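One file, coords08.cif, carrying mmCIF, C-alpha atoms:
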data_start
#
loop_
_atom_site.label_atom_id
_atom_site.label_comp_id
_atom_site.auth_asym_id
_atom_site.auth_seq_id
_atom_site.Cartn_x
_atom_site.Cartn_y
_atom_site.Cartn_z
CA MET A 27 58.68 -27.98 -39.49
CA ASP A 28 62.14 -26.60 -38.95
CA ILE A 29 63.29 -25.80 -35.40
CA SER A 30 65.03 -22.67 -36.66
CA LEU A 31 61.60 -21.21 -37.38
CA PHE A 32 61.03 -20.87 -33.64
CA PHE A 33 64.21 -18.84 -33.23
CA THR A 34 63.31 -16.68 -36.20
CA ILE A 35 59.87 -15.96 -34.77
CA ALA A 36 61.22 -15.23 -31.30
CA PHE A 37 63.92 -12.90 -32.54
CA SER A 38 61.67 -11.09 -34.96
CA VAL A 39 58.75 -10.53 -32.57
CA ILE A 40 60.75 -9.62 -29.44
CA LEU A 41 63.42 -7.38 -30.94
CA VAL A 42 63.14 -6.57 -34.65
CA SER A 43 59.44 -5.81 -34.90
CA ASN A 44 58.52 -5.38 -31.26
CA PHE A 45 54.74 -5.09 -30.92
CA VAL A 46 54.88 -1.81 -29.02
CA LEU A 47 57.87 -0.07 -30.53
CA ALA A 48 57.61 -1.05 -34.18
CA LYS A 49 54.04 -2.22 -34.76
CA PHE A 50 52.22 0.33 -32.55
CA LEU A 51 50.14 -2.30 -30.75
CA GLY A 52 49.16 -2.15 -27.08
CA LEU A 53 50.05 1.50 -26.58
CA CYS A 54 47.18 2.23 -24.16
CA PRO A 55 48.50 -0.05 -21.37
CA PHE A 56 52.06 0.84 -22.35
CA ILE A 57 51.45 4.53 -21.62
CA GLY A 58 48.77 3.97 -18.99
CA VAL A 59 50.34 1.50 -16.53
CA THR A 60 54.07 2.18 -16.79
CA GLN A 61 54.23 4.81 -14.05
CA ARG A 62 55.32 2.09 -11.60
CA THR A 63 57.42 -0.98 -12.29
CA GLU A 64 55.27 -3.42 -10.26
CA SER A 65 52.07 -2.59 -12.14
CA ALA A 66 53.95 -2.73 -15.44
CA ILE A 67 55.11 -6.28 -14.66
CA GLY A 68 51.62 -7.32 -13.50
CA MET A 69 49.98 -6.01 -16.64
CA GLY A 70 52.72 -7.48 -18.83
CA ILE A 71 52.30 -10.98 -17.40
CA ALA A 72 48.50 -10.84 -17.66
CA VAL A 73 48.74 -9.70 -21.30
CA THR A 74 51.30 -12.38 -22.18
CA PHE A 75 49.08 -15.11 -20.75
CA VAL A 76 45.98 -13.90 -22.62
CA MET A 77 48.02 -13.40 -25.81
CA PHE A 78 49.15 -17.03 -25.73
CA LEU A 79 45.60 -18.33 -25.16
CA ALA A 80 44.16 -15.98 -27.79
CA ALA A 81 46.77 -16.99 -30.37
CA VAL A 82 46.00 -20.70 -29.84
CA ALA A 83 42.20 -20.29 -29.82
CA THR A 84 41.99 -18.00 -32.84
CA SER A 85 44.43 -19.98 -34.94
CA VAL A 86 42.55 -23.24 -34.24
CA LEU A 87 39.31 -21.46 -35.13
CA TYR A 88 40.82 -19.96 -38.26
CA ASN A 89 42.67 -22.99 -39.62
CA PHE A 90 40.12 -25.69 -38.77
CA VAL A 91 36.76 -23.88 -38.97
CA LEU A 92 36.83 -20.60 -40.88
CA VAL A 93 39.15 -21.54 -43.76
CA PRO A 94 37.66 -25.02 -44.55
CA HIS A 95 34.13 -23.59 -44.53
CA ASP A 96 35.04 -20.45 -46.48
CA LEU A 97 33.96 -18.12 -43.64
CA VAL A 98 37.11 -16.00 -43.44
CA VAL A 99 35.00 -12.88 -43.94
CA LEU A 100 33.61 -13.35 -40.42
CA LYS A 101 37.03 -13.36 -38.77
CA THR A 102 36.82 -9.94 -37.07
CA PRO A 103 33.60 -10.50 -35.06
CA MET A 104 34.54 -14.13 -34.37
CA PHE A 105 38.00 -13.28 -33.03
CA ILE A 106 36.82 -10.49 -30.78
CA LEU A 107 34.07 -12.69 -29.32
CA VAL A 108 36.56 -15.51 -28.69
CA ILE A 109 38.96 -13.09 -26.99
CA ALA A 110 36.21 -11.56 -24.84
CA ALA A 111 35.00 -15.00 -23.77
CA LEU A 112 38.56 -16.11 -23.07
CA VAL A 113 39.26 -13.12 -20.84
CA GLN A 114 36.07 -13.82 -18.90
CA LEU A 115 37.03 -17.49 -18.48
CA VAL A 116 40.53 -16.66 -17.32
CA GLU A 117 39.07 -14.20 -14.83
CA LEU A 118 36.58 -16.75 -13.43
CA PHE A 119 39.20 -19.50 -13.27
CA MET A 120 41.74 -17.30 -11.53
CA ARG A 121 39.22 -16.04 -9.02
CA ALA A 122 38.32 -19.63 -8.06
CA ARG A 123 41.72 -21.35 -8.18
CA MET A 124 44.41 -18.70 -7.81
CA PRO A 125 43.01 -15.98 -5.54
CA ALA A 126 46.43 -14.47 -4.79
CA LEU A 127 47.28 -14.04 -8.45
CA TYR A 128 43.74 -12.80 -9.10
CA ARG A 129 44.12 -10.05 -6.52
CA ALA A 130 47.42 -9.02 -8.07
CA LEU A 131 46.22 -8.98 -11.69
CA GLY A 132 42.47 -8.58 -11.16
CA ILE A 133 42.09 -4.95 -12.17
CA TYR A 134 44.03 -5.42 -15.41
CA LEU A 135 42.13 -8.42 -16.73
CA PRO A 136 38.91 -6.78 -18.01
CA LEU A 137 40.99 -4.12 -19.77
CA ILE A 138 42.75 -6.77 -21.84
CA THR A 139 39.67 -7.46 -23.99
CA THR A 140 40.08 -4.12 -25.72
CA ASN A 141 43.87 -4.32 -25.83
CA CYS A 142 44.76 -4.13 -29.50
CA ALA A 143 47.93 -6.17 -28.92
CA VAL A 144 45.78 -9.23 -28.16
CA MET A 145 43.60 -8.79 -31.23
CA GLY A 146 46.79 -7.98 -33.15
CA VAL A 147 48.46 -11.24 -32.17
CA ALA A 148 45.31 -13.08 -33.29
CA LEU A 149 45.35 -11.40 -36.71
CA LEU A 150 49.12 -11.70 -37.18
CA GLY A 151 48.93 -15.42 -36.38
CA THR A 152 46.16 -16.13 -38.89
CA SER A 153 44.95 -13.97 -41.76
CA ASP A 154 47.85 -11.49 -41.67
CA ALA A 155 50.54 -14.01 -40.75
CA PRO A 156 54.14 -13.46 -41.89
CA ALA A 157 55.11 -15.12 -45.18
CA ARG A 158 57.13 -17.78 -43.39
CA PHE A 159 53.86 -19.28 -42.07
CA ALA A 160 52.61 -20.04 -45.57
CA GLU A 161 54.34 -23.37 -46.24
CA LEU A 162 53.35 -24.90 -42.89
CA THR A 163 50.61 -27.47 -42.34
CA SER A 164 47.51 -26.36 -40.42
CA ALA A 165 48.65 -27.98 -37.16
CA ALA A 166 52.14 -26.50 -37.47
CA ARG A 167 50.59 -23.10 -38.08
CA VAL A 168 48.76 -23.35 -34.75
CA ALA A 169 52.04 -24.18 -33.00
CA ALA A 170 53.84 -21.31 -34.72
CA ALA A 171 51.01 -18.89 -33.86
CA ALA A 172 51.09 -20.01 -30.22
CA TRP A 173 54.84 -19.48 -30.02
CA GLN A 174 54.46 -16.10 -31.69
CA GLY A 175 51.88 -15.22 -29.01
CA ILE A 176 54.27 -16.07 -26.17
CA CYS A 177 57.13 -14.17 -27.79
CA ALA A 178 54.96 -11.13 -28.55
CA GLY A 179 54.03 -11.11 -24.86
CA ALA A 180 57.71 -11.32 -23.89
CA GLY A 181 58.47 -8.38 -26.17
CA PHE A 182 55.59 -6.45 -24.59
CA VAL A 183 56.93 -7.15 -21.07
CA LEU A 184 60.41 -6.05 -22.18
CA ALA A 185 59.12 -2.74 -23.57
CA MET A 186 56.93 -2.14 -20.48
CA LEU A 187 59.86 -2.81 -18.12
CA LEU A 188 62.23 -0.49 -19.98
CA MET A 189 59.60 2.24 -20.14
CA SER A 190 58.65 2.01 -16.46
CA GLY A 191 62.32 2.34 -15.51
CA ILE A 192 62.64 5.45 -17.66
CA ARG A 193 59.44 7.00 -16.37
CA GLU A 194 60.37 6.56 -12.72
CA ARG A 195 63.42 8.69 -13.49
CA ILE A 196 61.53 11.26 -15.60
CA GLU A 197 59.18 11.96 -12.72
CA ARG A 198 62.01 13.66 -10.84
CA ALA A 199 63.25 15.64 -13.85
CA ASP A 200 62.57 19.37 -14.13
CA LEU A 201 60.45 19.57 -17.26
CA PRO A 202 58.40 22.40 -18.75
CA GLU A 203 54.78 22.06 -17.60
CA CYS A 204 53.38 21.22 -21.05
CA LEU A 205 55.75 18.25 -21.57
CA ARG A 206 54.95 16.51 -18.29
CA GLY A 207 53.15 13.19 -18.31
CA MET A 208 52.13 11.78 -21.63
CA PRO A 209 54.02 14.02 -24.11
CA ILE A 210 57.45 13.22 -22.66
CA ALA A 211 56.49 9.55 -22.38
CA PHE A 212 55.82 9.49 -26.13
CA ILE A 213 59.04 11.30 -26.97
CA CYS A 214 61.01 8.79 -24.86
CA THR A 215 59.20 5.93 -26.58
CA GLY A 216 60.32 7.42 -29.88
CA LEU A 217 63.94 7.39 -28.72
CA MET A 218 63.54 3.79 -27.52
CA ALA A 219 62.08 2.83 -30.89
CA MET A 220 65.08 4.43 -32.55
CA ALA A 221 67.38 2.23 -30.44
CA PHE A 222 65.38 -0.87 -31.38
CA PHE A 223 65.85 0.11 -35.03
CA GLY A 224 69.38 -1.21 -34.61
CA PHE A 225 67.97 -4.74 -34.77
CA ALA A 226 66.33 -4.15 -38.16
CA GLY A 227 67.57 -6.41 -40.90
CA MET A 228 68.82 -9.13 -38.54
CA VAL A 229 66.03 -11.56 -39.44
CA MET B 30 23.21 18.65 -15.42
CA ALA B 31 21.39 20.78 -17.94
CA GLU B 32 20.49 19.20 -21.24
CA ARG B 33 23.06 20.12 -23.87
CA THR B 34 21.98 21.77 -27.09
CA LEU B 35 22.22 19.54 -30.14
CA TRP B 36 25.04 21.69 -31.53
CA SER B 37 27.20 21.32 -28.44
CA GLU B 38 26.50 17.56 -28.45
CA PHE B 39 28.22 17.56 -31.82
CA SER B 40 30.99 20.08 -31.20
CA LYS B 41 32.22 18.81 -27.84
CA GLY B 42 33.87 15.79 -29.44
CA VAL B 43 35.58 17.82 -32.14
CA PHE B 44 37.61 20.18 -29.95
CA ARG B 45 37.05 20.29 -26.20
CA GLN B 46 37.01 16.52 -25.66
CA ASN B 47 39.10 15.54 -28.66
CA THR B 48 39.73 11.84 -28.17
CA LEU B 49 43.32 11.77 -29.38
CA PHE B 50 44.88 14.93 -27.93
CA VAL B 51 42.73 15.49 -24.82
CA VAL B 52 41.35 12.10 -23.71
CA ALA B 53 44.33 10.25 -25.26
CA ILE B 54 42.60 7.08 -26.42
CA GLY B 55 42.80 5.41 -29.81
CA ILE B 56 46.54 6.04 -29.92
CA CYS B 57 47.66 2.87 -31.71
CA PRO B 58 45.98 3.45 -35.09
CA SER B 59 46.79 7.16 -34.96
CA LEU B 60 50.47 6.27 -35.14
CA ALA B 61 50.35 3.26 -37.41
CA VAL B 62 48.33 4.68 -40.31
CA THR B 63 49.65 8.24 -40.35
CA THR B 64 52.64 7.66 -42.61
CA SER B 65 50.71 9.58 -45.27
CA LEU B 66 47.73 11.91 -45.34
CA GLN B 67 45.82 9.58 -47.66
CA SER B 68 45.91 6.58 -45.37
CA ALA B 69 45.14 8.80 -42.36
CA ALA B 70 42.08 10.15 -44.17
CA ALA B 71 40.95 6.62 -45.09
CA MET B 72 41.31 5.54 -41.46
CA GLY B 73 39.43 8.63 -40.28
CA ALA B 74 36.57 7.89 -42.67
CA ALA B 75 36.44 4.28 -41.47
CA VAL B 76 36.29 5.36 -37.82
CA ILE B 77 33.55 7.94 -38.51
CA PHE B 78 31.47 5.33 -40.33
CA VAL B 79 31.80 2.65 -37.66
CA LEU B 80 31.31 5.11 -34.80
CA VAL B 81 28.18 6.74 -36.25
CA CYS B 82 26.54 3.49 -37.34
CA SER B 83 27.25 1.60 -34.13
CA SER B 84 26.26 4.57 -31.93
CA VAL B 85 22.91 4.93 -33.69
CA LEU B 86 22.20 1.20 -33.65
CA ILE B 87 23.16 0.81 -29.99
CA ALA B 88 21.09 3.85 -29.03
CA ALA B 89 18.11 2.47 -30.94
CA LEU B 90 18.48 -0.96 -29.29
CA ARG B 91 19.37 0.31 -25.81
CA LYS B 92 16.01 -0.73 -24.32
CA ALA B 93 16.33 -4.23 -25.82
CA ILE B 94 19.92 -4.96 -24.74
CA PRO B 95 20.05 -6.40 -21.19
CA GLU B 96 22.60 -4.66 -19.00
CA GLU B 97 24.52 -7.83 -18.03
CA VAL B 98 25.42 -8.77 -21.59
CA ARG B 99 25.71 -5.29 -23.06
CA ILE B 100 29.47 -5.44 -23.74
CA PRO B 101 29.28 -8.61 -25.91
CA CYS B 102 26.29 -7.08 -27.73
CA PHE B 103 28.24 -3.87 -28.41
CA ILE B 104 31.19 -5.90 -29.65
CA VAL B 105 29.08 -7.89 -32.10
CA ILE B 106 27.45 -4.71 -33.47
CA ILE B 107 30.80 -2.94 -33.82
CA GLY B 108 32.42 -6.06 -35.33
CA SER B 109 29.77 -6.27 -38.04
CA PHE B 110 30.28 -2.65 -39.12
CA VAL B 111 34.06 -3.10 -39.07
CA THR B 112 33.71 -6.12 -41.38
CA MET B 113 31.62 -3.98 -43.74
CA VAL B 114 34.32 -1.29 -43.84
CA GLU B 115 36.99 -3.93 -44.40
CA LEU B 116 35.16 -5.36 -47.41
CA ILE B 117 34.37 -1.93 -48.89
CA PHE B 118 37.99 -0.78 -48.55
CA LYS B 119 39.36 -4.00 -50.11
CA ALA B 120 37.07 -3.43 -53.10
CA LYS B 121 37.41 0.33 -53.56
CA LEU B 122 40.80 1.57 -52.36
CA SER B 123 44.16 1.12 -54.04
CA PRO B 124 46.28 -1.85 -52.90
CA ALA B 125 49.00 0.55 -51.65
CA ILE B 126 46.63 2.27 -49.22
CA ASN B 127 45.19 -1.07 -48.13
CA ALA B 128 48.71 -2.30 -47.44
CA SER B 129 49.55 0.75 -45.33
CA LEU B 130 46.32 0.37 -43.34
CA GLY B 131 47.19 -3.30 -42.79
CA ILE B 132 45.66 -4.94 -39.75
CA PHE B 133 44.47 -1.61 -38.38
CA ILE B 134 41.10 -1.76 -40.16
CA PRO B 135 40.05 -5.00 -38.39
CA LEU B 136 41.59 -3.54 -35.25
CA ILE B 137 38.97 -0.74 -35.23
CA VAL B 138 36.87 -3.34 -33.41
CA VAL B 139 39.10 -3.00 -30.34
CA ASN B 140 39.54 0.76 -30.72
CA CYS B 141 38.66 2.09 -27.27
CA ILE B 142 36.95 5.17 -28.76
CA ILE B 143 34.02 3.26 -30.19
CA LEU B 144 33.35 1.11 -27.13
CA TYR B 145 33.87 4.19 -24.94
CA ARG B 146 31.22 6.21 -26.81
CA ALA B 147 28.86 3.20 -26.83
CA GLU B 148 29.24 2.66 -23.10
CA ALA B 149 29.47 6.30 -21.98
CA PHE B 150 26.96 7.87 -24.36
CA ALA B 151 24.92 5.80 -26.81
CA TYR B 152 23.64 3.30 -24.22
CA GLY B 153 22.05 6.15 -22.24
CA HIS B 154 20.84 8.55 -24.94
CA GLY B 155 18.47 8.68 -27.90
CA ALA B 156 19.39 7.87 -31.50
CA LEU B 157 19.58 11.50 -32.72
CA ARG B 158 21.88 12.65 -29.92
CA SER B 159 24.02 9.54 -30.38
CA LEU B 160 24.29 10.27 -34.09
CA LEU B 161 25.54 13.81 -33.39
CA ASP B 162 27.86 12.60 -30.64
CA GLY B 163 29.31 9.86 -32.85
CA LEU B 164 29.73 12.30 -35.74
CA GLY B 165 31.46 14.88 -33.53
CA VAL B 166 33.81 12.43 -31.86
CA GLY B 167 34.54 10.73 -35.20
CA ILE B 168 35.29 14.01 -37.00
CA GLY B 169 37.46 15.17 -34.11
CA TYR B 170 39.44 11.94 -34.26
CA ALA B 171 39.71 12.06 -38.08
CA LEU B 172 40.98 15.67 -37.97
CA ALA B 173 43.52 14.73 -35.30
CA ILE B 174 44.96 11.78 -37.22
CA CYS B 175 44.98 13.81 -40.46
CA LEU B 176 47.05 16.46 -38.64
CA VAL B 177 49.56 13.80 -37.58
CA GLY B 178 49.46 12.37 -41.12
CA VAL B 179 50.09 15.72 -42.80
CA LEU B 180 53.08 16.48 -40.57
CA ARG B 181 54.63 13.05 -41.00
CA GLU B 182 54.12 13.00 -44.76
CA ALA B 183 55.42 16.56 -45.20
CA PHE B 184 58.55 16.12 -43.10
CA GLY B 185 59.15 12.43 -43.70
CA GLY B 186 58.36 12.22 -47.41
CA GLY B 187 58.42 15.85 -48.60
CA THR B 188 54.91 15.55 -50.04
CA ILE B 189 51.32 16.36 -49.07
CA TRP B 190 48.61 14.03 -50.47
CA GLY B 191 51.28 12.66 -52.81
CA TYR B 192 52.31 16.08 -54.23
CA PRO B 193 55.62 17.74 -53.29
CA TRP B 194 54.92 20.76 -51.05
CA VAL B 195 57.97 22.64 -52.27
CA PRO B 196 57.16 23.31 -55.99
CA VAL B 197 59.63 21.62 -58.30
CA SER B 198 60.33 24.91 -60.10
CA TRP B 199 61.68 26.56 -56.95
CA PRO B 200 65.46 26.81 -56.55
CA VAL B 201 65.33 25.33 -53.02
CA ARG B 202 64.51 21.73 -52.28
CA TYR B 203 63.36 20.00 -49.09
CA VAL B 204 65.31 16.85 -48.31
CA PRO B 205 62.91 14.56 -46.41
CA SER B 206 64.12 12.93 -43.21
CA ALA B 207 62.88 9.36 -43.47
CA ILE B 208 62.89 8.80 -39.70
CA VAL B 209 59.75 10.96 -39.33
CA ALA B 210 57.81 8.54 -41.52
CA GLN B 211 59.06 5.56 -39.52
CA ALA B 212 58.13 4.32 -36.05
CA PRO B 213 60.34 6.61 -33.90
CA GLY B 214 59.13 9.70 -35.75
CA ALA B 215 55.51 8.75 -35.12
CA PHE B 216 56.01 8.70 -31.35
CA ILE B 217 57.96 11.96 -31.33
CA VAL B 218 55.48 13.83 -33.59
CA LEU B 219 52.54 12.73 -31.41
CA GLY B 220 54.43 13.63 -28.22
CA LEU B 221 55.21 17.13 -29.52
CA LEU B 222 51.63 17.66 -30.73
CA MET B 223 50.26 16.63 -27.34
CA ALA B 224 52.67 18.99 -25.63
CA PHE B 225 51.59 21.79 -28.00
CA PHE B 226 47.88 21.30 -27.28
CA LYS B 227 48.56 21.05 -23.56
CA TRP B 228 50.48 24.33 -23.78
CA VAL B 229 47.61 26.00 -25.70
CA ARG B 230 45.11 24.82 -23.09
CA GLY B 231 47.35 26.01 -20.27
CA ALA B 232 47.80 29.44 -21.88
CA ARG B 233 44.03 29.77 -22.39
CA ALA B 234 43.28 28.75 -18.80
CA ALA B 235 45.79 31.32 -17.49
CA ARG B 236 44.03 34.16 -19.34
#

Using structure tokens, write down the structure that the file contains.
Amino acid sequence: MDISLFFTIAFSVILVSNFVLAKFLGLCPFIGVTQRTESAIGMGIAVTFVMFLAAVATSVLYNFVLVPHDLVVLKTPMFILVIAALVQLVELFMRARMPALYRALGIYLPLITTNCAVMGVALLGTSDAPARFAELTSAARVAAAAWQGICAGAGFVLAMLLMSGIRERIERADLPECLRGMPIAFICTGLMAMAFFGFAGMV
Amino acid sequence: MAERTLWSEFSKGVFRQNTLFVVAIGICPSLAVTTSLQSAAAMGAAVIFVLVCSSVLIAALRKAIPEEVRIPCFIVIIGSFVTMVELIFKAKLSPAINASLGIFIPLIVVNCIILYRAEAFAYGHGALRSLLDGLGVGIGYALAICLVGVLREAFGGGTIWGYPWVPVSWPVRYVPSAIVAQAPGAFIVLGLLMAFFKWVRGARAAR
């Protein structure tokens, strides 16, 4: 496996096809928890951590169980069960071993199960993986999927941070009543997505 | 709270509690699959099917599902119906539409709308009411994403359902602006539509 693949994956997932701004994944937390910067960071870190675990678990399941036994058709229910169980485990583990972190992230954790960015990273690391995954061996595919999970999380944190900065400013702006809140947040996201378009074609 | 009539059980989800424009959930697929009206309609049909089937099944099984493990049970039920839709679409729809739907068909399984209706409605109501509720919410969502789809296809591609909306024989021509069909346009169209519906609601409340 070529080391340059890791750079390609990182660049493509963080900037060129950012999960939030280009792939439309994880918009609920993106719009829901970006009113304040601290909660945006908390949610971003929790999502990144779960994304990494989910990418590893689902790609092991896919490459070593589902594909050899010709059970790919079951991937959707299998993945969502694995992710739900994983979120529960992380929650239990954090409550027992890292109470401070648990108190900081606690409220966000259960929400992550139904975060489409997590399920998205599972699908994009396995059955809907980019073409550059095709020539890899099964073990290398797991590594690439895990790295893609971390980078997707980093891209998510980046988008959340930018958005929370913008929204803290918008709150003080004098807007027409009907644009306040979500509508203006979406329009700003559109402008951000336009800026990120500048990276298109670099990978 | 008085028992709702069966009709209002159905109609509340279509307009008053429209999931996309009023409750604002299920946003991700509404942006990703609305590059054309056809793929928006396919997505709407998939959501209606999964929502109705899983609502009815969950309502029918609500006495048998223990409360502590209800969420995993819901997820398995929803996941099975989503897999059915996935297989049907792969077999019946054109490859172009399947490509534009992409990973968003399997992602119906994490669409908040379906789990939200299961948790908030189907687990506490009978099968008939859950059927009407699922149908209403599903149709409301399908209409909403078709509206986004029609606008994006018309302004971004100059066509509606694949046909040009300015007849070819006319002396004027509409030059499509591709940005509307791409990611930034999706966010801006949805933002403006939400603002419009908020304005309509505000104007109605003021009267």

Query raised in the report: From the set B:Cys141, B:Arg91, B:Cys175, B:Ser206, which residue has the shortest atom-to-atom contact distance to chain A, counting all atoms listed in the file?
Result: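 Smallest distance to chain A is found for B:Cys141.
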
Report task. Give me the residues within 10 Å of stretch 86-97 of chain A as a list in words, counting all atoms listed in the file and dropping any in the same chain fewer than 6 places off. Result -> Ala80, Met104, Phe105, Val108, Ala148, Leu149, Gly151, Thr152, Ser153, Thr163, Ser164, Ala165, Arg167, Val168, Ala169, Ala171 and Ala172 of chain A

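Among the candidates A:Met208, A:Leu188, A:Val183, A:Ala219, the one nearest to A:Thr74 when counting all atoms listed in the file is A:Val183.
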
Requested in this report: With the file shown as input, list the residues that the PyMOL selection byres ((chain B) within 9 of (chain A)) selects, as a PyMOL selection string.
Outcome: chain B and resi 53-58+60-61+101+104-109+111-112+116+131-133+135-141+144+208+211-229+231

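On the file presented, the PyMOL selection byres ((chain A and resi 125-131) around 9) picks out Ser65, Gly68, Met69, Ile71, Ala72, Glu117, Met120, Arg121, Ala122, Arg123, Met124, Gly132, Ile133, Tyr134 and Leu135 of chain A.
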
**Report entry** Hits from the PyMOL selection byres ((chain B and resi 66) around 6), listed as number ranges by chain
**Finding:** B: 65, 67-69, 175, 178-179, 190

Query raised in the report: By how many Å are atom CA of B:Val204 and atom CA of B:Ser59 apart?
Result: 24.8 Å

Query raised in the report: Which value, in Å to one decimal, gives the distance between atom CA of B:Ala75 and atom CA of B:Phe184?
Result: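 Between atom CA of B:Ala75 and atom CA of B:Phe184 the gap works out to 25.1 Å.
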
Query raised in the report: Rounded to one decimal in Å, what is the spacing between atom CA of B:Tyr152 and atom CA of B:Ala88?
Result: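 A separation of 5.5 Å between them.
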
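Taking only C-alpha atoms, the non-local environment of B:Met72 within 8 Å (same-chain residues fewer than 2 positions away omitted) comprises Val62, Ser68, Ala69, Ala70, Ala74, Ala75, Val76, Leu130, Ile134 and Ala171 of chain B.
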
Keeping only C-alpha atoms, take the residues you just selected and write them out as a CSV table (one decimal), in the frame of the given file.
chain,number,residue,atom,x,y,z
B,62,VAL,CA,48.3,4.7,-40.3
B,68,SER,CA,45.9,6.6,-45.4
B,69,ALA,CA,45.1,8.8,-42.4
B,70,ALA,CA,42.1,10.2,-44.2
B,74,ALA,CA,36.6,7.9,-42.7
B,75,ALA,CA,36.4,4.3,-41.5
B,76,VAL,CA,36.3,5.4,-37.8
B,130,LEU,CA,46.3,0.4,-43.3
B,134,ILE,CA,41.1,-1.8,-40.2
B,171,ALA,CA,39.7,12.1,-38.1

Would you give me, as JSON lines, each residue of stretch 59-93 of chain A having an atom within 8 Å of an atom of stretch 192-201 of chain A, along with its shortest atom pair and that distance in Å to one decimal, using all atoms listed in the file and sorting by chain and residue number?
{"residue": "A:Thr60", "atom": "CA", "partner": "A:Arg193", "partner_atom": "CA", "distance": 7.2}
{"residue": "A:Gln61", "atom": "CA", "partner": "A:Arg193", "partner_atom": "CA", "distance": 6.1}
{"residue": "A:Arg62", "atom": "CA", "partner": "A:Glu194", "partner_atom": "CA", "distance": 6.8}

Query raised in the report: Leaving out stretch 191-198 of chain B and any residue of its chain fewer than 3 positions from it, which residues lie within 9 Å of it when counting only C-alpha atoms, given as number ranges by chain?
Result: B: 65-67, 182-183, 186-188, 201-203
